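Content type compact mmCIF, C-alpha atoms, from the file start_22.txt:
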# COMPACT_ATOMS: atom_id res chain seq x y z
CA MET A 1 21.92 -220.45 -137.58
CA THR A 2 25.09 -218.94 -136.12
CA GLY A 3 28.46 -220.16 -137.30
CA GLU A 4 29.06 -223.74 -138.35
CA SER A 5 29.23 -225.20 -134.88
CA THR A 6 26.41 -226.02 -132.53
CA THR A 7 27.64 -223.77 -129.72
CA SER A 8 25.67 -220.75 -128.60
CA GLN A 9 28.72 -218.48 -128.73
CA LYS A 10 28.01 -215.23 -130.55
CA SER A 11 29.90 -214.69 -133.78
CA ALA A 12 30.89 -211.63 -135.77
CA LEU A 13 31.87 -211.25 -139.40
CA LEU A 14 34.36 -208.54 -140.32
CA VAL A 15 34.05 -207.66 -144.01
CA LEU A 16 37.24 -206.13 -145.35
CA GLY A 17 37.71 -204.63 -148.78
CA CYS A 18 40.73 -203.22 -150.52
CA PRO A 19 43.30 -202.22 -147.88
CA GLN A 20 44.05 -198.96 -149.69
CA VAL A 21 43.47 -196.95 -146.50
CA PRO A 22 46.13 -197.88 -143.90
CA VAL A 23 43.86 -197.83 -140.82
CA GLN A 24 41.81 -200.83 -141.98
CA THR A 25 44.32 -203.45 -140.80
CA SER A 26 44.96 -201.97 -137.36
CA ILE A 27 41.28 -201.30 -136.66
CA ALA A 28 40.40 -204.83 -137.78
CA LEU A 29 42.96 -206.29 -135.36
CA TYR A 30 41.72 -203.99 -132.59
CA LEU A 31 38.10 -204.98 -133.19
CA ILE A 32 39.01 -208.68 -133.32
CA ASN A 33 40.72 -208.32 -129.95
CA ARG A 34 37.74 -206.51 -128.38
CA LEU A 35 35.29 -209.08 -129.75
CA LYS A 36 37.34 -212.00 -128.45
CA LYS A 37 37.61 -210.41 -125.00
CA ALA A 38 33.80 -210.13 -125.00
CA GLY A 39 33.46 -213.84 -125.84
CA ILE A 40 32.40 -213.21 -129.45
CA LEU A 41 33.97 -215.37 -132.16
CA PRO A 42 35.36 -213.10 -134.91
CA VAL A 43 35.59 -214.31 -138.51
CA VAL A 44 37.35 -212.22 -141.15
CA ALA A 45 36.17 -212.17 -144.76
CA GLY A 46 38.20 -210.08 -147.14
CA ASN A 47 39.86 -209.88 -150.47
CA LYS A 48 43.26 -211.51 -150.87
CA ALA A 49 45.25 -208.35 -150.09
CA ALA A 50 43.28 -207.51 -146.94
CA ASN A 51 43.46 -211.08 -145.64
CA THR A 52 47.18 -211.34 -146.37
CA LEU A 53 47.96 -208.12 -144.48
CA LEU A 54 46.19 -209.49 -141.39
CA VAL A 55 47.77 -212.95 -141.62
CA VAL A 56 51.27 -211.48 -142.00
CA ALA A 57 50.66 -209.02 -139.14
CA ASP A 58 49.47 -211.86 -136.87
CA THR A 59 51.48 -214.82 -138.13
CA ASP A 60 51.08 -216.79 -134.89
CA ARG A 61 47.33 -216.09 -134.84
CA HIS A 62 47.23 -214.45 -131.43
CA TYR A 63 44.21 -212.45 -132.58
CA LEU A 64 43.10 -213.94 -135.87
CA GLY A 65 41.00 -217.02 -136.04
CA GLU A 66 39.11 -217.99 -139.16
CA VAL A 67 39.90 -216.01 -142.30
CA MET A 68 38.03 -216.58 -145.56
CA ASP A 69 37.58 -215.12 -148.99
CA LEU A 70 34.90 -212.43 -149.11
CA ASP A 71 33.06 -213.98 -152.06
CA ARG A 72 32.94 -217.31 -150.22
CA ALA A 73 31.41 -215.62 -147.17
CA VAL A 74 28.75 -213.93 -149.30
CA ALA A 75 27.92 -217.27 -150.96
CA LEU A 76 27.68 -219.12 -147.62
CA ILE A 77 25.33 -216.49 -146.20
CA SER A 78 23.26 -216.27 -149.41
CA ASP A 79 22.86 -220.03 -149.47
CA LYS A 80 21.82 -219.97 -145.78
CA LYS A 81 24.72 -222.27 -144.87
CA ARG A 82 26.13 -219.77 -142.42
CA ASP A 83 25.22 -216.54 -140.67
CA PHE A 84 26.51 -214.36 -137.87
CA ASP A 85 25.16 -212.38 -134.94
CA LEU A 86 27.12 -209.24 -135.80
CA CYS A 87 28.56 -207.97 -139.08
CA PHE A 88 31.09 -205.16 -139.40
CA VAL A 89 31.66 -203.85 -142.92
CA PHE A 90 34.72 -201.66 -143.38
CA ILE A 91 33.86 -198.83 -145.80
CA HIS A 92 36.11 -196.31 -147.49
CA ASN A 93 34.68 -196.40 -151.03
CA ASP A 94 31.54 -197.23 -153.02
CA ALA A 95 32.35 -200.96 -153.03
CA GLY A 96 32.26 -200.98 -149.23
CA VAL A 97 28.81 -199.37 -149.24
CA SER A 98 27.64 -202.02 -151.72
CA TYR A 99 28.99 -204.85 -149.54
CA ALA A 100 27.26 -203.38 -146.50
CA ALA A 101 23.95 -203.16 -148.38
CA THR A 102 24.42 -206.75 -149.54
CA MET A 103 25.12 -207.98 -146.01
CA GLY A 104 22.09 -206.10 -144.76
CA ALA A 105 19.94 -207.86 -147.35
CA ILE A 106 21.25 -211.43 -146.98
CA SER A 107 22.25 -211.70 -143.32
CA LYS A 108 20.28 -211.60 -140.09
CA ALA A 109 23.32 -210.10 -138.32
CA LYS A 110 23.19 -206.75 -136.58
CA LEU A 111 24.96 -204.60 -139.17
CA TYR A 112 27.65 -202.04 -138.41
CA ALA A 113 29.12 -199.79 -141.09
CA LEU A 114 32.65 -198.70 -140.16
CA VAL A 115 33.25 -195.70 -142.40
CA TYR A 116 36.68 -194.09 -142.61
CA GLY A 117 39.08 -192.44 -145.01
CA GLU A 118 39.71 -188.98 -146.38
CA HIS A 119 36.16 -188.58 -147.70
CA TYR A 120 34.30 -190.64 -145.11
CA ASP A 121 31.43 -188.14 -144.94
CA ASP A 122 30.63 -188.69 -148.65
CA GLN A 123 30.38 -192.45 -148.03
CA VAL A 124 28.14 -191.97 -144.99
CA LYS A 125 25.66 -190.05 -147.18
CA LYS A 126 25.38 -193.09 -149.49
CA ILE A 127 24.17 -195.40 -146.72
CA ASP A 128 20.41 -195.63 -147.20
CA PHE A 129 19.78 -198.93 -145.44
CA SER A 130 19.36 -199.92 -141.82
CA CYS A 131 22.63 -200.21 -139.88
CA THR A 132 24.63 -198.63 -137.11
CA THR A 133 27.12 -196.25 -138.68
CA ILE A 134 30.44 -195.67 -136.95
CA ALA A 135 32.39 -193.03 -138.86
CA ALA A 136 35.55 -190.97 -138.51
CA LYS A 137 38.07 -189.22 -140.70
CA ALA A 138 40.80 -191.80 -140.27
CA VAL A 139 43.37 -192.47 -142.98
CA HIS A 140 46.79 -193.08 -141.43
CA ASN A 141 45.90 -192.54 -137.78
CA PRO A 142 43.47 -195.17 -136.46
CA LEU A 143 42.69 -193.32 -133.22
CA PRO A 144 39.65 -191.33 -134.46
CA LEU A 145 37.96 -194.54 -135.64
CA LYS A 146 39.03 -196.41 -132.50
CA LYS A 147 37.47 -193.63 -130.41
CA ALA A 148 34.21 -193.84 -132.41
CA LEU A 149 34.15 -197.65 -131.96
CA ASP A 150 34.81 -197.32 -128.23
CA GLU A 151 31.90 -194.91 -127.87
CA VAL A 152 29.47 -197.39 -129.50
CA LYS A 153 30.94 -200.52 -127.84
CA PRO A 154 29.37 -202.97 -130.31
CA TRP A 155 31.00 -205.90 -128.51
CA ASP A 156 28.62 -205.23 -125.61
CA ALA A 157 25.55 -205.56 -127.86

Written as structure tokens, that's how I'd like the structure from this file.
Amino acid sequence: MTGESTTSQKSALLVLGCPQVPVQTSIALYLINRLKKAGILPVVAGNKAANTLLVVADTDRHYLGEVMDLDRAVALISDKKRDFDLCFVFIHNDAGVSYAATMGAISKAKLYALVYGEHYDDQVKKIDFSCTTIAAKAVHNPLPLKKALDEVKPWDA
């Protein structure tokens, strides 16, 4: 089961947590753009602050499509009402690692852990589940994480 429609278009869930680290919003918009160019339908699931930052940054929805509450996304996947082909969990703290582990357990999506922030290496060490880890020390400057994403090219998967 992929998405709510009956199309065969690939879909990707972007899981956003607290937008405490500035690069999250710009990397999310960059990844959304790359996914759309590859024909993959991106869906954002985040907390209210993360979702609001994206909606305000893209008021006319040039990049953003569907945006939903993170708890709603977890419930839909847990209840097997929805799933995705790809899942990108943005991680800069312990909560992000927990969400990634949860997504790995409840979803059939190929899981990507996007780890960033001042202490990104500490968070990488906490990942003890199967996923592709994309990590960089990126706090205010998104370019190190963008470079790491571009090297993996998950939109070509």

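The nearest approach to A:Ile134 among the residues A:Val152, A:Ala75, A:Asp85, A:Asp122, with only C-alpha atoms taken into account, belongs to A:Val152.
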
Can you tell me which residues surround A:Val21 at a distance of at most 10 Å, considering all atoms listed in the file, apart from same-chain residues fewer than 2 positions away, and format the answer as a CSV table (one decimal) with C-alpha atoms, keeping the file's coordinate frame?
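The resulting around.csv:
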chain,number,residue,atom,x,y,z
A,17,GLY,CA,37.7,-204.6,-148.8
A,18,CYS,CA,40.7,-203.2,-150.5
A,19,PRO,CA,43.3,-202.2,-147.9
A,23,VAL,CA,43.9,-197.8,-140.8
A,24,GLN,CA,41.8,-200.8,-142.0
A,25,THR,CA,44.3,-203.4,-140.8
A,91,ILE,CA,33.9,-198.8,-145.8
A,92,HIS,CA,36.1,-196.3,-147.5
A,93,ASN,CA,34.7,-196.4,-151.0
A,116,TYR,CA,36.7,-194.1,-142.6
A,117,GLY,CA,39.1,-192.4,-145.0
A,118,GLU,CA,39.7,-189.0,-146.4
A,138,ALA,CA,40.8,-191.8,-140.3
A,139,VAL,CA,43.4,-192.5,-143.0
A,140,HIS,CA,46.8,-193.1,-141.4

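Using only C-alpha atoms, the protein and nucleic acid residues lying no more than 6 Å from A:Ile40, apart from those fewer than 4 places from it along its own chain, are Lys10, Ser11, Leu35 and Lys36 of chain A.
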
Which is closest to A:Leu64 among A:Leu14, A:Leu145, A:Ala50, A:Val44, if we use only C-alpha atoms?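 The closest residue to A:Leu64 is A:Val44.
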
Taking only C-alpha atoms into account, which of A:Asp128, A:Ala28, A:His119, A:Ala157 comes nearest A:Val89?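 Once distances to A:Val89 are computed over only C-alpha atoms, the minimum belongs to A:Ala28.
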
So how many Å separate atom CA of A:Lys110 and atom CA of A:Tyr63, to one decimal? 22.1 Å
